[in-house]
Amino acid sequence: QVQLVESGGGSVQAGGSLRLSCAASGATYSSNCMGWFRQAPGKEREGVAAIDTGGGRTYYPDSVKGRFTISQDNAKNTVYLQMNSLKPEDTAMYYCAARRSGCTVTALKSVWAWGYWGQGTQVTVSS
């Protein structure tokens, strides 16, 4: 089992920045891919970033590419999501996720393919 705990959410004005953290514990050695998803009210959960925990390769959808950066600190078993140039449409609950399989481009589009989830942290961007 892998436990994931997110932190760092909050309220910010458009154009601002936030950094989310995801602390992993338990069988972290089994998590070959870590990711961040978000879900706004009335919308489906969507992937916004993923990182291959072994090689460090990263994946992003076009909607956040160039604004969001995922990184990891293996010594701390922590994954980060740096979010810059935030927009009101980035408002959502943000979830950290982990999966045993490696990262792929399609993994971010497949919520069902992730076995472990955190409780989420709210991000609110005002205009």
# chains A, B, ... in the order shown; residues from 1 in each chain; ligands from 1

$ select_by_dssp --residues "range 69-109 of chain A" --states "helix (DSSP H, G or I)" --output "mmCIF file with C-alpha atoms, in the first residue's frame"
data_model
loop_
_atom_site.group_PDB
_atom_site.id
_atom_site.type_symbol
_atom_site.label_atom_id
_atom_site.label_comp_id
_atom_site.auth_asym_id
_atom_site.auth_seq_id
_atom_site.Cartn_x
_atom_site.Cartn_y
_atom_site.Cartn_z
ATOM 1 C CA ASN A 74 13.389 10.919 -3.867
ATOM 2 C CA ALA A 75 15.145 11.339 -0.530
ATOM 3 C CA LYS A 76 11.950 12.786 0.918
ATOM 4 C CA PRO A 88 -9.391 31.036 -12.813
ATOM 5 C CA GLU A 89 -10.009 27.871 -14.837
ATOM 6 C CA ASP A 90 -7.255 26.162 -12.828
ATOM 7 C CA VAL A 105 1.174 9.712 -22.406
ATOM 8 C CA THR A 106 -2.175 7.969 -22.067
ATOM 9 C CA ALA A 107 -1.810 7.417 -18.325
ATOM 10 C CA LEU A 108 -2.833 11.001 -17.615
ATOM 11 C CA LYS A 109 -6.037 10.402 -19.554
#

$ closest_atom_pairs --of "range 32-74 of chain A" --to "range 111-115 of chain A" --cutoff "10 Å" --atoms "only C-alpha atoms" --output "tab-separated table"
residue	atom	partner	partner_atom	distance
A:Cys33	CA	A:Trp114	CA	9.0
A:Met34	CA	A:Trp114	CA	9.0
A:Gly35	CA	A:Trp114	CA	8.9
A:Phe37	CA	A:Val111	CA	8.6
A:Glu44	CA	A:Val111	CA	9.5
A:Arg45	CA	A:Val111	CA	7.3
A:Glu46	CA	A:Val111	CA	7.5
A:Gly47	CA	A:Val111	CA	7.7

$ write_last_selection --atoms "N, CA, C and O atoms" --output "compact mmCIF listing (two decimals), in the first residue's frame"
# COMPACT_ATOMS: atom_id res chain seq x y z
N CYS A 33 5.32 5.56 -11.25
CA CYS A 33 4.83 6.79 -11.87
C CYS A 33 4.00 7.54 -10.84
O CYS A 33 3.13 6.95 -10.19
N MET A 34 4.28 8.83 -10.70
CA MET A 34 3.52 9.69 -9.81
C MET A 34 2.86 10.78 -10.65
O MET A 34 3.47 11.26 -11.62
N GLY A 35 1.67 11.17 -10.25
CA GLY A 35 0.98 12.17 -11.04
C GLY A 35 0.12 13.11 -10.22
O GLY A 35 -0.12 12.87 -9.04
N PHE A 37 -3.63 15.17 -10.56
CA PHE A 37 -4.90 15.31 -11.26
C PHE A 37 -5.66 16.45 -10.60
O PHE A 37 -5.37 16.86 -9.48
N GLU A 44 -15.10 16.18 -15.00
CA GLU A 44 -14.37 14.94 -14.78
C GLU A 44 -12.96 15.24 -14.26
O GLU A 44 -12.41 16.31 -14.49
N ARG A 45 -12.42 14.26 -13.57
CA ARG A 45 -11.05 14.38 -13.09
C ARG A 45 -10.10 14.31 -14.29
O ARG A 45 -10.25 13.43 -15.15
N GLU A 46 -9.13 15.22 -14.33
CA GLU A 46 -8.19 15.24 -15.44
C GLU A 46 -6.76 15.29 -14.93
O GLU A 46 -6.45 15.91 -13.92
N GLY A 47 -5.88 14.63 -15.67
CA GLY A 47 -4.48 14.62 -15.32
C GLY A 47 -3.80 15.89 -15.77
O GLY A 47 -4.05 16.38 -16.88

$ closest_atom_pairs --of "range 14-39 of chain A" --to "range 64-71 of chain A" --cutoff "12 Å" --atoms "only C-alpha atoms" --output "tab-separated table"
residue	atom	partner	partner_atom	distance
A:Gly15	CA	A:Arg67	CA	10.3
A:Gly16	CA	A:Arg67	CA	10.8
A:Ser17	CA	A:Arg67	CA	9.4
A:Leu18	CA	A:Phe68	CA	9.7
A:Arg19	CA	A:Thr69	CA	9.3
A:Leu20	CA	A:Ile70	CA	9.4
A:Ser21	CA	A:Ser71	CA	9.6
A:Cys22	CA	A:Ser71	CA	10.4
A:Cys33	CA	A:Ile70	CA	11.7
A:Met34	CA	A:Ile70	CA	9.3
A:Gly35	CA	A:Ile70	CA	8.2
A:Trp36	CA	A:Ile70	CA	8.3
A:Phe37	CA	A:Val64	CA	11.5
A:Arg38	CA	A:Val64	CA	11.6

$ residues_around --residues "Tyr95 in chain A" --least-positions-apart "2" --cutoff "7 Å" --atoms "only C-alpha atoms" --output "PDB file with N, CA, C and O atoms, in the first residue's frame"
ATOM      1  N   TRP A  36      -0.296  14.175 -10.881  1.00  0.00           N
ATOM      2  CA  TRP A  36      -1.241  15.127 -10.298  1.00  0.00           C
ATOM      3  C   TRP A  36      -2.473  15.204 -11.201  1.00  0.00           C
ATOM      4  O   TRP A  36      -2.347  15.302 -12.427  1.00  0.00           O
ATOM      5  N   PHE A  37      -3.626  15.171 -10.565  1.00  0.00           N
ATOM      6  CA  PHE A  37      -4.898  15.312 -11.255  1.00  0.00           C
ATOM      7  C   PHE A  37      -5.663  16.447 -10.604  1.00  0.00           C
ATOM      8  O   PHE A  37      -5.370  16.858  -9.482  1.00  0.00           O
ATOM      9  N   ARG A  38      -6.674  16.915 -11.295  1.00  0.00           N
ATOM     10  CA  ARG A  38      -7.548  17.931 -10.707  1.00  0.00           C
ATOM     11  C   ARG A  38      -8.983  17.664 -11.125  1.00  0.00           C
ATOM     12  O   ARG A  38      -9.250  17.058 -12.170  1.00  0.00           O
ATOM     13  N   MET A  93     -10.034  20.879  -7.109  1.00  0.00           N
ATOM     14  CA  MET A  93      -9.381  20.063  -6.093  1.00  0.00           C
ATOM     15  C   MET A  93      -8.266  19.317  -6.804  1.00  0.00           C
ATOM     16  O   MET A  93      -8.498  18.691  -7.848  1.00  0.00           O
ATOM     17  N   ALA A  97      -1.498  11.150  -7.220  1.00  0.00           N
ATOM     18  CA  ALA A  97      -1.790   9.759  -7.525  1.00  0.00           C
ATOM     19  C   ALA A  97      -0.501   9.007  -7.822  1.00  0.00           C
ATOM     20  O   ALA A  97       0.507   9.606  -8.204  1.00  0.00           O
ATOM     21  N   TRP A 117      -4.412   7.107  -4.395  1.00  0.00           N
ATOM     22  CA  TRP A 117      -4.849   8.500  -4.454  1.00  0.00           C
ATOM     23  C   TRP A 117      -4.737   9.153  -3.090  1.00  0.00           C
ATOM     24  O   TRP A 117      -4.962   8.511  -2.058  1.00  0.00           O
ATOM     25  N   GLY A 118      -4.418  10.459  -3.099  1.00  0.00           N
ATOM     26  CA  GLY A 118      -4.482  11.235  -1.891  1.00  0.00           C
ATOM     27  C   GLY A 118      -5.875  11.800  -1.691  1.00  0.00           C
ATOM     28  O   GLY A 118      -6.776  11.555  -2.507  1.00  0.00           O
ATOM     29  N   GLN A 119      -6.033  12.566  -0.628  1.00  0.00           N
ATOM     30  CA  GLN A 119      -7.341  13.126  -0.302  1.00  0.00           C
ATOM     31  C   GLN A 119      -7.627  14.419  -1.044  1.00  0.00           C
ATOM     32  O   GLN A 119      -8.789  14.855  -1.103  1.00  0.00           O
ATOM     33  N   GLY A 120      -6.611  15.042  -1.564  1.00  0.00           N
ATOM     34  CA  GLY A 120      -6.795  16.248  -2.349  1.00  0.00           C
ATOM     35  C   GLY A 120      -6.510  17.523  -1.573  1.00  0.00           C
ATOM     36  O   GLY A 120      -6.592  17.550  -0.344  1.00  0.00           O
ATOM     37  N   THR A 121      -6.176  18.563  -2.306  1.00  0.00           N
ATOM     38  CA  THR A 121      -5.962  19.888  -1.730  1.00  0.00           C
ATOM     39  C   THR A 121      -6.597  20.910  -2.674  1.00  0.00           C
ATOM     40  O   THR A 121      -6.436  20.821  -3.891  1.00  0.00           O
TER      41      THR A 121
END

$ select_by_dssp --residues "chain A" --states "strand (DSSP E or B)" --output "ChimeraX atom specification"
/A:2-7,10-13,18-26,33-39,46-52,58-59,68-73,78-83,92-99,116-117,121-126

$ closest_residue --among "A:Asp62, A:Asp73, A:Asp52, A:Glu6" --to "Arg99 in chain A" --atoms "only C-alpha atoms"
A:Asp52

$ atom_distance --atom1 "CA of Gly26 in chain A" --atom2 "CA of Ala92 in chain A"
27.0 Å

$ residues_around --residues "Gly10 in chain A" --least-positions-apart "4" --cutoff "7 Å" --atoms "only C-alpha atoms" --output "JSON, numbers by chain"
{"A": [122, 123, 124]}

$ write_last_selection --atoms "N, CA, C and O atoms" --output "compact mmCIF listing (two decimals), in the first residue's frame"
# COMPACT_ATOMS: atom_id res chain seq x y z
N GLN A 122 -7.33 21.85 -2.12
CA GLN A 122 -8.11 22.80 -2.93
C GLN A 122 -7.24 23.95 -3.41
O GLN A 122 -6.47 24.53 -2.64
N VAL A 123 -7.39 24.26 -4.68
CA VAL A 123 -6.74 25.43 -5.28
C VAL A 123 -7.83 26.33 -5.85
O VAL A 123 -8.65 25.87 -6.65
N THR A 124 -7.83 27.58 -5.44
CA THR A 124 -8.81 28.53 -5.91
C THR A 124 -8.09 29.74 -6.50
O THR A 124 -7.27 30.36 -5.82

$ atom_distance --atom1 "CA of Ser63 in chain A" --atom2 "CA of Val48 in chain A"
8.0 Å
